>>> print(open('start28.csv').read())   # CSV, C-alpha atoms (C1' of nucleotides)
chain,number,residue,atom,x,y,z
A,126,MET,CA,-34.4,15.2,-5.4
A,127,PRO,CA,-34.1,15.6,-9.1
A,128,LEU,CA,-30.9,17.2,-10.2
A,129,GLN,CA,-27.7,15.4,-9.2
A,130,LYS,CA,-25.4,14.6,-12.0
A,131,THR,CA,-23.2,12.2,-10.0
A,132,THR,CA,-24.7,10.0,-7.3
A,133,LYS,CA,-22.7,8.7,-4.4
A,134,ARG,CA,-23.2,5.2,-5.7
A,135,ASP,CA,-21.6,6.1,-9.1
A,136,LEU,CA,-18.6,7.4,-7.3
A,137,VAL,CA,-18.3,4.3,-5.1
A,138,ARG,CA,-18.4,2.0,-8.2
A,139,THR,CA,-15.6,3.9,-9.7
A,140,CYS,CA,-13.6,3.8,-6.5
A,141,ILE,CA,-14.0,0.0,-6.3
A,142,ARG,CA,-12.2,-0.3,-9.6
A,143,VAL,CA,-9.3,1.9,-8.5
A,144,PHE,CA,-8.9,0.5,-5.0
A,145,ARG,CA,-9.0,-3.0,-6.4
A,146,GLN,CA,-6.1,-2.3,-8.8
A,147,GLN,CA,-3.9,0.1,-6.8
A,148,GLY,CA,-4.7,-0.8,-3.2
A,149,TYR,CA,-5.8,1.4,-0.4
A,150,TYR,CA,-2.6,3.2,0.6
A,151,ARG,CA,-1.3,3.7,-2.9
A,152,THR,CA,-4.5,5.2,-4.2
A,153,THR,CA,-4.7,9.0,-3.8
A,154,MET,CA,-7.7,11.2,-3.8
A,155,ALA,CA,-6.4,12.6,-7.0
A,156,ASP,CA,-6.5,9.1,-8.5
A,157,LEU,CA,-10.1,8.7,-7.5
A,158,ALA,CA,-11.0,12.1,-8.9
A,159,HIS,CA,-9.3,11.4,-12.2
A,160,ALA,CA,-10.9,8.0,-12.6
A,161,SER,CA,-14.4,9.6,-12.2
A,162,GLY,CA,-13.5,12.6,-14.3
A,163,LEU,CA,-14.2,14.9,-11.4
A,164,THR,CA,-12.2,16.7,-8.7
A,165,LYS,CA,-11.2,16.0,-5.2
A,166,GLY,CA,-13.7,18.4,-3.9
A,167,VAL,CA,-16.6,16.3,-5.1
A,168,PHE,CA,-15.4,13.4,-3.0
A,169,TYR,CA,-15.1,15.5,0.1
A,170,HIS,CA,-18.6,16.7,-0.6
A,171,HIS,CA,-19.9,13.2,-0.3
A,172,PHE,CA,-17.4,11.6,2.1
A,173,ALA,CA,-15.6,12.9,5.1
A,174,SER,CA,-12.4,11.0,4.4
A,175,LYS,CA,-10.6,8.5,2.2
A,176,GLU,CA,-11.3,6.0,4.9
A,177,GLU,CA,-15.0,6.6,4.7
A,178,ILE,CA,-14.8,6.0,0.9
A,179,MET,CA,-13.1,2.7,1.5
A,180,GLN,CA,-15.8,1.7,3.9
A,181,ALA,CA,-18.4,2.4,1.3
A,182,VAL,CA,-16.4,0.5,-1.3
A,183,LEU,CA,-16.2,-2.6,0.9
A,184,ALA,CA,-19.9,-2.4,1.8
A,185,GLU,CA,-20.9,-2.0,-1.9
A,186,SER,CA,-18.6,-4.9,-2.9
A,187,SER,CA,-20.1,-7.1,-0.2
A,188,ALA,CA,-23.6,-6.3,-1.3
A,189,PHE,CA,-22.6,-7.1,-4.9
A,190,PHE,CA,-21.3,-10.6,-4.0
A,191,ALA,CA,-24.2,-11.4,-1.7
A,192,GLU,CA,-26.6,-10.6,-4.5
A,193,LYS,CA,-24.8,-11.7,-7.6
A,194,VAL,CA,-22.7,-14.6,-6.4
A,195,PHE,CA,-23.6,-16.1,-3.1
A,196,LYS,CA,-27.4,-15.9,-3.5
A,197,VAL,CA,-27.5,-18.8,-6.0
A,198,ALA,CA,-26.2,-21.1,-3.3
A,199,TYR,CA,-29.7,-20.9,-1.7
A,200,ALA,CA,-31.8,-21.4,-4.9
A,201,PRO,CA,-34.4,-24.0,-3.8
A,202,ASP,CA,-35.1,-25.4,-7.2
A,203,LEU,CA,-31.6,-26.3,-8.1
A,204,THR,CA,-29.5,-29.4,-7.1
A,205,ALA,CA,-26.3,-28.9,-5.1
A,206,ALA,CA,-24.2,-29.5,-8.2
A,207,GLN,CA,-26.2,-26.9,-10.2
A,208,ARG,CA,-25.9,-24.3,-7.4
A,209,LEU,CA,-22.2,-24.9,-7.1
A,210,GLU,CA,-21.8,-24.6,-10.9
A,211,ALA,CA,-23.7,-21.4,-11.0
A,212,MET,CA,-21.8,-19.9,-8.1
A,213,VAL,CA,-18.5,-20.8,-9.6
A,214,ALA,CA,-19.5,-19.2,-12.9
A,215,ALA,CA,-20.6,-16.0,-11.1
A,216,ALA,CA,-17.5,-15.9,-8.9
A,217,LEU,CA,-15.2,-16.5,-11.9
A,218,LYS,CA,-16.7,-13.5,-13.6
A,219,ALA,CA,-16.5,-11.3,-10.5
A,220,PHE,CA,-12.9,-12.1,-9.8
A,221,SER,CA,-11.9,-11.9,-13.4
A,222,SER,CA,-8.4,-11.2,-14.3
A,223,GLU,CA,-7.1,-7.7,-15.0
A,224,GLN,CA,-9.6,-6.0,-12.7
A,225,GLY,CA,-7.4,-6.5,-9.6
A,226,GLY,CA,-8.5,-9.8,-8.1
A,227,CYS,CA,-10.3,-9.8,-4.7
A,228,ILE,CA,-10.4,-6.4,-3.0
A,229,PHE,CA,-11.1,-8.0,0.3
A,230,ALA,CA,-8.0,-10.2,0.2
A,231,ASN,CA,-5.9,-7.3,-1.1
A,232,THR,CA,-7.1,-5.1,1.7
A,233,VAL,CA,-6.5,-7.7,4.4
A,234,LEU,CA,-2.9,-8.2,3.4
A,235,GLU,CA,-2.3,-4.5,3.0
A,236,THR,CA,-3.8,-3.3,6.2
A,237,ALA,CA,-4.1,-6.2,8.8
A,238,HIS,CA,-0.8,-5.3,10.5
A,239,VAL,CA,-1.2,-1.6,10.3
A,240,GLU,CA,-4.8,-0.9,11.4
A,241,ASP,CA,-8.0,-2.8,12.3
A,242,THR,CA,-10.2,-0.3,10.5
A,243,PHE,CA,-11.5,-2.6,7.7
A,244,LEU,CA,-11.2,-6.1,9.1
A,245,ASP,CA,-14.7,-6.4,10.6
A,246,GLN,CA,-16.3,-5.5,7.3
A,247,ILE,CA,-14.1,-7.8,5.4
A,248,LYS,CA,-15.0,-10.7,7.8
A,249,VAL,CA,-18.6,-10.2,6.7
A,250,PHE,CA,-17.7,-11.0,3.1
A,251,PHE,CA,-15.7,-14.1,4.0
A,252,ALA,CA,-18.4,-15.3,6.4
A,253,ASP,CA,-21.0,-14.9,3.6
A,254,TRP,CA,-18.9,-16.8,1.2
A,255,GLN,CA,-18.1,-19.6,3.6
A,256,HIS,CA,-21.7,-19.9,4.5
A,257,ALA,CA,-22.8,-20.2,0.9
A,258,LEU,CA,-20.3,-22.9,0.2
A,259,GLN,CA,-21.2,-24.6,3.5
A,260,THR,CA,-24.8,-24.7,2.5
A,261,ILE,CA,-24.0,-26.4,-0.8
A,262,PHE,CA,-21.6,-28.9,0.6
A,263,GLY,CA,-24.0,-29.5,3.5
A,264,SER,CA,-26.5,-31.2,1.2
A,265,ARG,CA,-24.1,-34.1,0.6
A,266,HIS,CA,-21.8,-34.0,3.6
A,267,ALA,CA,-22.1,-33.8,7.4
A,268,ALA,CA,-22.1,-30.3,8.9
A,269,ALA,CA,-18.6,-30.4,10.3
A,270,THR,CA,-17.2,-31.8,7.0
A,271,ALA,CA,-19.1,-29.1,5.0
A,272,GLU,CA,-17.5,-26.4,7.1
A,273,LYS,CA,-14.0,-27.7,6.5
A,274,LEU,CA,-14.6,-28.1,2.8
A,275,ALA,CA,-15.9,-24.5,2.6
A,276,ILE,CA,-12.9,-23.1,4.3
A,277,ARG,CA,-10.6,-25.2,2.1
A,278,VAL,CA,-12.3,-23.9,-1.1
A,279,VAL,CA,-12.0,-20.3,0.1
A,280,ALA,CA,-8.3,-20.7,0.9
A,281,ASP,CA,-7.7,-22.5,-2.4
A,282,VAL,CA,-9.5,-19.9,-4.5
A,283,GLU,CA,-7.8,-16.9,-2.7
A,284,GLY,CA,-4.4,-18.5,-3.2
A,285,SER,CA,-5.1,-19.2,-6.8
A,286,LEU,CA,-6.2,-15.5,-7.3
A,287,LEU,CA,-2.7,-14.6,-6.1
A,288,LEU,CA,-1.0,-16.9,-8.6
A,289,MET,CA,-3.3,-15.7,-11.3
A,290,GLN,CA,-2.2,-12.1,-10.7
A,291,LEU,CA,1.5,-13.0,-10.4
A,292,TYR,CA,1.6,-15.0,-13.6
A,293,LYS,CA,-1.2,-13.0,-15.3
A,294,ASN,CA,-2.9,-16.3,-16.2
A,295,SER,CA,-6.5,-17.0,-15.2
A,296,ALA,CA,-6.0,-20.7,-15.6
A,297,TYR,CA,-4.9,-20.8,-11.9
A,298,LEU,CA,-8.3,-19.6,-10.9
A,299,THR,CA,-10.3,-21.9,-13.1
A,300,ALA,CA,-8.3,-24.8,-11.8
A,301,ALA,CA,-9.2,-23.9,-8.3
A,302,PHE,CA,-12.9,-23.8,-9.1
A,303,GLU,CA,-12.6,-27.2,-10.8
A,304,ARG,CA,-11.1,-28.6,-7.6
A,305,ALA,CA,-14.0,-27.1,-5.7
A,306,LYS,CA,-16.5,-28.9,-7.9
A,307,ALA,CA,-14.6,-32.2,-7.4
A,308,LEU,CA,-15.1,-31.9,-3.7
A,309,LEU,CA,-18.9,-32.0,-3.8
B,76,MET,CA,37.4,-3.8,6.1
B,77,PRO,CA,37.2,-3.7,9.8
B,78,LEU,CA,35.1,-0.9,11.2
B,79,GLN,CA,31.5,-0.8,10.0
B,80,LYS,CA,29.0,-0.7,12.7
B,81,THR,CA,26.0,-1.5,10.6
B,82,THR,CA,26.3,-3.9,7.7
B,83,LYS,CA,24.0,-3.7,4.7
B,84,ARG,CA,22.7,-7.1,5.6
B,85,ASP,CA,21.7,-6.0,9.1
B,86,LEU,CA,19.7,-3.2,7.5
B,87,VAL,CA,18.0,-5.6,5.0
B,88,ARG,CA,17.0,-7.9,7.8
B,89,THR,CA,15.3,-5.1,9.7
B,90,CYS,CA,13.6,-3.9,6.5
B,91,ILE,CA,12.2,-7.4,5.9
B,92,ARG,CA,10.3,-7.1,9.1
B,93,VAL,CA,8.9,-3.7,8.4
B,94,PHE,CA,7.9,-4.3,4.8
B,95,ARG,CA,6.3,-7.6,5.7
B,96,GLN,CA,4.1,-6.0,8.2
B,97,GLN,CA,3.3,-2.6,6.6
B,98,GLY,CA,3.7,-3.3,2.9
B,99,TYR,CA,5.8,-1.6,0.4
B,100,TYR,CA,3.9,1.6,-0.3
B,101,ARG,CA,2.8,2.3,3.2
B,102,THR,CA,6.4,1.9,4.6
B,103,THR,CA,8.3,5.1,4.6
B,104,MET,CA,12.1,5.7,4.8
B,105,ALA,CA,11.5,7.1,8.2
B,106,ASP,CA,9.8,3.9,9.3
B,107,LEU,CA,12.8,1.9,8.1
B,108,ALA,CA,15.2,4.3,9.9
B,109,HIS,CA,13.3,4.2,13.1
B,110,ALA,CA,13.1,0.4,13.1
B,111,SER,CA,16.9,0.1,12.8
B,112,GLY,CA,17.5,2.9,15.3
B,113,LEU,CA,19.3,4.9,12.6
B,114,THR,CA,18.5,7.8,10.2
B,115,LYS,CA,17.3,8.0,6.7
B,116,GLY,CA,20.7,9.1,5.6
B,117,VAL,CA,22.2,5.8,6.4
B,118,PHE,CA,19.9,4.0,4.1
B,119,TYR,CA,20.6,6.4,1.2
B,120,HIS,CA,24.3,5.7,1.9
B,121,HIS,CA,23.7,2.0,1.2
B,122,PHE,CA,20.9,2.1,-1.3
B,123,ALA,CA,20.0,4.4,-4.1
B,124,SER,CA,16.3,4.3,-3.4
B,125,LYS,CA,13.4,2.6,-1.6
B,126,GLU,CA,12.9,0.4,-4.6
B,127,GLU,CA,16.5,-0.9,-4.3
B,128,ILE,CA,15.9,-1.7,-0.7
B,129,MET,CA,12.9,-3.7,-1.6
B,130,GLN,CA,14.8,-5.6,-4.2
B,131,ALA,CA,17.4,-6.5,-1.6
B,132,VAL,CA,14.7,-7.5,0.9
B,133,LEU,CA,13.1,-9.9,-1.6
B,134,ALA,CA,16.5,-11.4,-2.6
B,135,GLU,CA,17.4,-11.9,1.0
B,136,SER,CA,14.0,-13.5,1.8
B,137,SER,CA,14.3,-15.8,-1.2
B,138,ALA,CA,17.7,-16.9,-0.1
B,139,PHE,CA,16.4,-17.5,3.4
B,140,PHE,CA,13.6,-19.8,2.1
B,141,ALA,CA,15.8,-21.6,-0.3
B,142,GLU,CA,18.3,-22.4,2.5
B,143,LYS,CA,16.1,-22.9,5.5
B,144,VAL,CA,12.8,-24.2,4.1
B,145,PHE,CA,13.0,-25.6,0.5
B,146,LYS,CA,16.4,-27.3,0.9
B,147,VAL,CA,15.1,-30.1,3.0
B,148,ALA,CA,12.9,-31.2,0.1
B,149,TYR,CA,16.1,-32.6,-1.5
B,150,ALA,CA,17.6,-34.4,1.5
B,151,PRO,CA,18.7,-37.7,0.0
B,152,ASP,CA,18.6,-39.7,3.3
B,153,LEU,CA,15.0,-38.9,4.1
B,154,THR,CA,11.7,-40.4,2.9
B,155,ALA,CA,9.2,-38.3,1.0
B,156,ALA,CA,7.0,-38.2,4.1
B,157,GLN,CA,9.9,-37.1,6.3
B,158,ARG,CA,11.0,-34.4,3.8
B,159,LEU,CA,7.5,-33.0,3.6
B,160,GLU,CA,7.1,-33.1,7.4
B,161,ALA,CA,10.4,-31.2,7.8
B,162,MET,CA,9.5,-28.7,5.2
B,163,VAL,CA,6.1,-28.1,6.7
B,164,ALA,CA,7.7,-27.5,10.1
B,165,ALA,CA,10.2,-25.0,8.6
B,166,ALA,CA,7.5,-23.2,6.6
B,167,LEU,CA,5.2,-22.9,9.5
B,168,LYS,CA,7.9,-21.2,11.5
B,169,ALA,CA,8.9,-18.9,8.6
B,170,PHE,CA,5.4,-17.8,7.9
B,171,SER,CA,4.5,-17.6,11.6
B,172,SER,CA,1.7,-15.4,12.8
B,173,GLU,CA,2.2,-11.8,13.8
B,174,GLN,CA,5.2,-11.2,11.6
B,175,GLY,CA,3.2,-10.4,8.6
B,176,GLY,CA,2.6,-13.5,6.6
B,177,CYS,CA,4.3,-14.0,3.3
B,178,ILE,CA,6.1,-10.9,2.0
B,179,PHE,CA,6.0,-12.3,-1.6
B,180,ALA,CA,2.2,-12.7,-1.6
B,181,ASN,CA,1.7,-9.3,0.1
B,182,THR,CA,3.9,-7.6,-2.5
B,183,VAL,CA,2.2,-9.3,-5.5
B,184,LEU,CA,-1.3,-8.2,-4.4
B,185,GLU,CA,0.0,-4.7,-3.6
B,186,THR,CA,2.0,-4.0,-6.7
B,187,ALA,CA,0.9,-6.3,-9.5
B,188,HIS,CA,-1.5,-3.9,-11.1
B,189,VAL,CA,0.7,-0.8,-10.4
B,190,GLU,CA,4.2,-1.7,-11.5
B,191,ASP,CA,6.1,-4.8,-12.7
B,192,THR,CA,9.2,-3.9,-10.7
B,193,PHE,CA,9.2,-6.9,-8.3
B,194,LEU,CA,7.3,-9.6,-10.1
B,195,ASP,CA,10.2,-11.4,-11.7
B,196,GLN,CA,12.0,-11.7,-8.4
B,197,ILE,CA,8.8,-12.9,-6.7
B,198,LYS,CA,8.4,-15.5,-9.4
B,199,VAL,CA,11.7,-17.0,-8.4
B,200,PHE,CA,10.4,-17.6,-4.9
B,201,PHE,CA,7.2,-19.3,-6.1
B,202,ALA,CA,9.1,-21.4,-8.6
B,203,ASP,CA,11.5,-22.6,-5.9
B,204,TRP,CA,8.6,-23.5,-3.6
B,205,GLN,CA,6.7,-25.3,-6.3
B,206,HIS,CA,9.8,-27.2,-7.4
B,207,ALA,CA,10.5,-28.3,-3.9
B,208,LEU,CA,7.0,-29.6,-3.4
B,209,GLN,CA,7.0,-31.2,-6.9
B,210,THR,CA,10.1,-33.1,-6.1
B,211,ILE,CA,8.6,-34.5,-2.9
B,212,PHE,CA,5.3,-35.4,-4.5
B,213,GLY,CA,7.2,-36.8,-7.5
B,214,SER,CA,8.5,-39.7,-5.5
B,215,ARG,CA,5.0,-41.1,-5.2
B,216,HIS,CA,3.1,-39.6,-8.1
B,217,ALA,CA,3.6,-39.1,-11.9
B,218,ALA,CA,5.3,-35.9,-12.9
B,219,ALA,CA,2.1,-34.2,-14.2
B,220,THR,CA,0.2,-35.1,-11.0
B,221,ALA,CA,3.1,-33.9,-8.8
B,222,GLU,CA,3.1,-30.5,-10.5
B,223,LYS,CA,-0.7,-30.1,-10.0
B,224,LEU,CA,-0.4,-31.1,-6.4
B,225,ALA,CA,2.4,-28.7,-5.8
B,226,ILE,CA,0.5,-25.8,-7.3
B,227,ARG,CA,-2.6,-26.8,-5.3
B,228,VAL,CA,-0.6,-26.8,-2.0
B,229,VAL,CA,1.0,-23.4,-2.7
B,230,ALA,CA,-2.4,-21.9,-3.4
B,231,ASP,CA,-4.0,-23.5,-0.4
B,232,VAL,CA,-1.2,-22.3,1.9
B,233,GLU,CA,-1.2,-18.8,0.6
B,234,GLY,CA,-5.0,-18.6,0.9
B,235,SER,CA,-4.8,-19.9,4.4
B,236,LEU,CA,-2.1,-17.3,5.3
B,237,LEU,CA,-4.7,-14.7,4.3
B,238,LEU,CA,-7.4,-16.2,6.6
B,239,MET,CA,-4.8,-16.5,9.4
B,240,GLN,CA,-4.1,-12.8,9.2
B,241,LEU,CA,-7.7,-11.8,8.9
B,242,TYR,CA,-8.9,-13.9,11.9
B,243,LYS,CA,-5.6,-13.6,13.7
B,244,ASN,CA,-5.6,-17.4,14.1
B,245,SER,CA,-2.8,-19.6,13.0
B,246,ALA,CA,-5.0,-22.7,13.0
B,247,TYR,CA,-5.9,-21.9,9.3
B,248,LEU,CA,-2.3,-22.3,8.4
B,249,THR,CA,-1.7,-25.5,10.2
B,250,ALA,CA,-4.9,-26.9,8.7
B,251,ALA,CA,-3.5,-26.2,5.2
B,252,PHE,CA,-0.3,-28.0,6.0
B,253,GLU,CA,-2.2,-31.0,7.3
B,254,ARG,CA,-4.1,-31.1,4.0
B,255,ALA,CA,-0.8,-31.0,2.2
B,256,LYS,CA,0.5,-34.0,4.1
B,257,ALA,CA,-2.6,-35.9,3.3
B,258,LEU,CA,-2.0,-35.4,-0.4
B,259,LEU,CA,1.3,-37.4,-0.4
C,223,DG,C1',29.4,5.5,8.6
C,224,DT,C1',26.3,8.5,10.7
C,225,DC,C1',24.2,12.7,11.5
C,226,DT,C1',21.3,17.3,10.6
C,227,DA,C1',19.3,20.2,7.5
C,228,DT,C1',16.8,20.9,3.6
C,229,DA,C1',14.9,20.7,-1.3
C,230,DC,C1',10.9,19.6,-3.7
C,231,DA,C1',6.8,17.1,-4.8
C,232,DC,C1',2.6,15.4,-3.4
C,233,DA,C1',-0.5,13.6,0.1
C,234,DG,C1',-5.2,14.4,2.6
C,235,DA,C1',-8.2,17.8,3.7
C,236,DT,C1',-10.7,22.6,3.9
C,237,DA,C1',-12.7,27.1,2.2
C,238,DG,C1',-15.3,29.5,-0.5
C,239,DA,C1',-16.8,31.1,-5.4
C,240,DC,C1',-20.0,29.7,-8.9
D,273,DG,C1',-22.9,19.7,-7.1
D,274,DT,C1',-18.7,21.1,-8.9
D,275,DC,C1',-14.9,23.9,-9.2
D,276,DT,C1',-10.2,26.4,-7.9
D,277,DA,C1',-7.2,27.7,-4.5
D,278,DT,C1',-4.9,26.7,-0.6
D,279,DC,C1',-3.3,24.9,4.1
D,280,DT,C1',-0.5,21.7,6.4
D,281,DG,C1',1.9,17.5,6.9
D,282,DT,C1',4.8,14.2,5.1
D,283,DG,C1',7.0,11.6,1.4
D,284,DT,C1',11.5,10.6,-1.3
D,285,DA,C1',15.8,12.1,-2.0
D,286,DT,C1',20.1,15.1,-1.7
D,287,DA,C1',24.0,17.9,0.5
D,288,DG,C1',27.3,18.4,3.4
D,289,DA,C1',29.2,18.6,8.3
D,290,DC,C1',31.4,15.5,11.7
>>> encode(input="start28.csv", output="structure tokens")
Amino acid sequence: MPLQKTTKRDLVRTCIRVFRQQGYYRTTMADLAHASGLTKGVFYHHFASKEEIMQAVLAESSAFFAEKVFKVAYAPDLTAAQRLEAMVAAALKAFSSEQGGCIFANTVLETAHVEDTFLDQIKVFFADWQHALQTIFGSRHAAATAEKLAIRVVADVEGSLLLMQLYKNSAYLTAAFERAKALL
Amino acid sequence: MPLQKTTKRDLVRTCIRVFRQQGYYRTTMADLAHASGLTKGVFYHHFASKEEIMQAVLAESSAFFAEKVFKVAYAPDLTAAQRLEAMVAAALKAFSSEQGGCIFANTVLETAHVEDTFLDQIKVFFADWQHALQTIFGSRHAAATAEKLAIRVVADVEGSLLLMQLYKNSAYLTAAFERAKALL
DNA sequence: GTCTATACACAGATAGAC
DNA sequence: GTCTATCTGTGTATAGAC
């Protein structure tokens, strides 16, 4: 399969950016087309619907976090502190500022009381995140404590992402990660 | 001015419910009309646009929180612990479960990267909230510490509201308020 | 103050040429 | 694989009768 100028994956990457910033309902097929420099027809050639695009977007985002952020939590040759430090750095970069915060959080608040379509996939992301933190905290705390700490860090970071976007100031996010490191 | 079947304020109260659950962009004028048992025309008789309705919704919600939730933080005849306890109880009720979480948080994540229209009004809500917490924590901590604790509680509660709605389990929210009480 | 009817733009989605 | 053209529904908003 040689000649295909635009791969499905390229399209998805572009859509991640747009959905993250504009949200699911507000984003139109024309927006997605314009952002990729193509036409609506191209998207309907690859996907059956806008909903299917969003599913692909969430799957790709989950895979990104699993590979680039959460994975370091399980590095066998690092101490717990080193693993947390590395994960914080990666997460900070992934959630960074003007790109639209956390697409999973955004989509939960936007859709949770309208439709269940995306919730299961979003739960996978949060379960992965919580498990990664739990593993790190588990090396210095009892299992039950580690779980509570993990949930607390997830909540704190997500709330701080909100404040970061409201005040357009990334200091809220870095402060949350500092609090997380203090918990270890 | 005797005969007016539906007051502007009645309409706004209904709209709060709908916007909280469905979000700003997803909610249509027809949704608002249906929820109040009236027609679209009635809304355009009272408001110039959907945007103006949302402004009224945010103003009314801010006033509600100021009066019913944040006010107890300044009760002169209560101890800090009692004030925090009372505020937590009121906040728990206001944010409760299936009603759609926090309309201010929802609106920030939905609109922050699309338009600045509502951000200033939303900042008032968060400033009020933070100030109320800061006042309570200030009775037992230094001013700088109290401010940090207040921001931390706001972030933790907002993040927990997200998890509550994702998992449809209010235990996440009550846990956040327990952590807040432990900080005093 | 509330209604019906409607203007006008744009949404998601499909068809078919190249 | 990409395009243009188009269908159909629905969105915000307005006009005007009652």
>>> atom_distance(input="start28.csv", atom1="atom CA of B:Thr82", atom2="atom CA of B:Ala138")
17.4 Å
>>> residues_around(input="start28.csv", residues="A:Ala181", least_positions_apart="4", cutoff="7 Å", atoms="all atoms listed in the file", output="VMD selection string")
chain A and resid 137 177 185
>>> residues_around(input="start28.csv", residues="stretch 231-240 of chain C", least_positions_apart="6", cutoff="10 Å", atoms="only C-alpha atoms (C1' of nucleotides)", output="PDB file with C-alpha atoms (C1' of nucleotides), in the frame of the given file")
ATOM      1  CA  THR A 153      -4.700   9.000  -3.800  1.00  0.00           C
ATOM      2  CA  MET A 154      -7.700  11.200  -3.800  1.00  0.00           C
ATOM      3  CA  ALA A 155      -6.400  12.600  -7.000  1.00  0.00           C
ATOM      4  CA  LYS A 165     -11.200  16.000  -5.200  1.00  0.00           C
ATOM      5  CA  GLY A 166     -13.700  18.400  -3.900  1.00  0.00           C
ATOM      6  CA  TYR A 169     -15.100  15.500   0.100  1.00  0.00           C
ATOM      7  CA  ALA A 173     -15.600  12.900   5.100  1.00  0.00           C
ATOM      8  CA  SER A 174     -12.400  11.000   4.400  1.00  0.00           C
ATOM      9  CA  LYS A 175     -10.600   8.500   2.200  1.00  0.00           C
TER      10      LYS A 175
ATOM     11  C1'  DT D 274     -18.700  21.100  -8.900  1.00  0.00           C
ATOM     12  C1'  DC D 275     -14.900  23.900  -9.200  1.00  0.00           C
ATOM     13  C1'  DT D 276     -10.200  26.400  -7.900  1.00  0.00           C
ATOM     14  C1'  DA D 277      -7.200  27.700  -4.500  1.00  0.00           C
ATOM     15  C1'  DT D 278      -4.900  26.700  -0.600  1.00  0.00           C
ATOM     16  C1'  DC D 279      -3.300  24.900   4.100  1.00  0.00           C
ATOM     17  C1'  DT D 280      -0.500  21.700   6.400  1.00  0.00           C
ATOM     18  C1'  DG D 281       1.900  17.500   6.900  1.00  0.00           C
ATOM     19  C1'  DT D 282       4.800  14.200   5.100  1.00  0.00           C
ATOM     20  C1'  DG D 283       7.000  11.600   1.400  1.00  0.00           C
ATOM     21  C1'  DT D 284      11.500  10.600  -1.300  1.00  0.00           C
TER      22       DT D 284
END
>>> closest_residue(input="start28.csv", among="B:Gly213, B:Pro151, B:Gly176, B:Gly234", to="chain A", atoms="only C-alpha atoms")
B:Gly234
>>> interface_residues(input="start28.csv", of="chain B", to="chain C", cutoff="8 Å", atoms="all atoms listed in the file", output="list of chain:residue names")
B:Gln79, B:Lys80, B:Thr114, B:Gly116, B:Val117
>>> closest_residue(input="start28.csv", among="A:Tyr297, A:Phe189, A:Phe220, A:Trp254", to="chain B", atoms="all atoms listed in the file")
A:Tyr297
>>> interface_residues(input="start28.csv", of="chain A", to="chain B", cutoff="6 Å", atoms="all atoms listed in the file", output="list in words")
Gln146, Gln147, Asn231, Leu234, His238, Val239, Ala280, Asp281, Glu283, Gly284 and Ser285 of chain A
>>> atom_distance(input="start28.csv", atom1="atom CA of A:Leu163", atom2="atom CA of A:Thr139")
11.2 Å
>>> residues_around(input="start28.csv", residues="A:Arg138", least_positions_apart="2", cutoff="10 Å", atoms="all atoms listed in the file", output="ChimeraX atom specification")
/A:133-136,140-143,161,181-182,185-186
>>> atom_distance(input="start28.csv", atom1="atom CA of B:Gln157", atom2="atom CA of B:Arg215")
13.1 Å
>>> closest_residue(input="start28.csv", among="B:Phe94, B:Ala169, B:Asp106, B:Phe145", to="chain D", atoms="all atoms listed in the file")
B:Asp106
>>> residues_around(input="start28.csv", residues="B:His206", least_positions_apart="2", cutoff="10 Å", atoms="all atoms listed in the file", output="number ranges by chain")
B: 145, 148, 200-204, 208-213, 221-222, 225-226
>>> closest_residue(input="start28.csv", among="A:Ala215, A:Ala205, A:Leu157, A:Leu183", to="A:Leu308", atoms="only C-alpha atoms")
A:Ala205
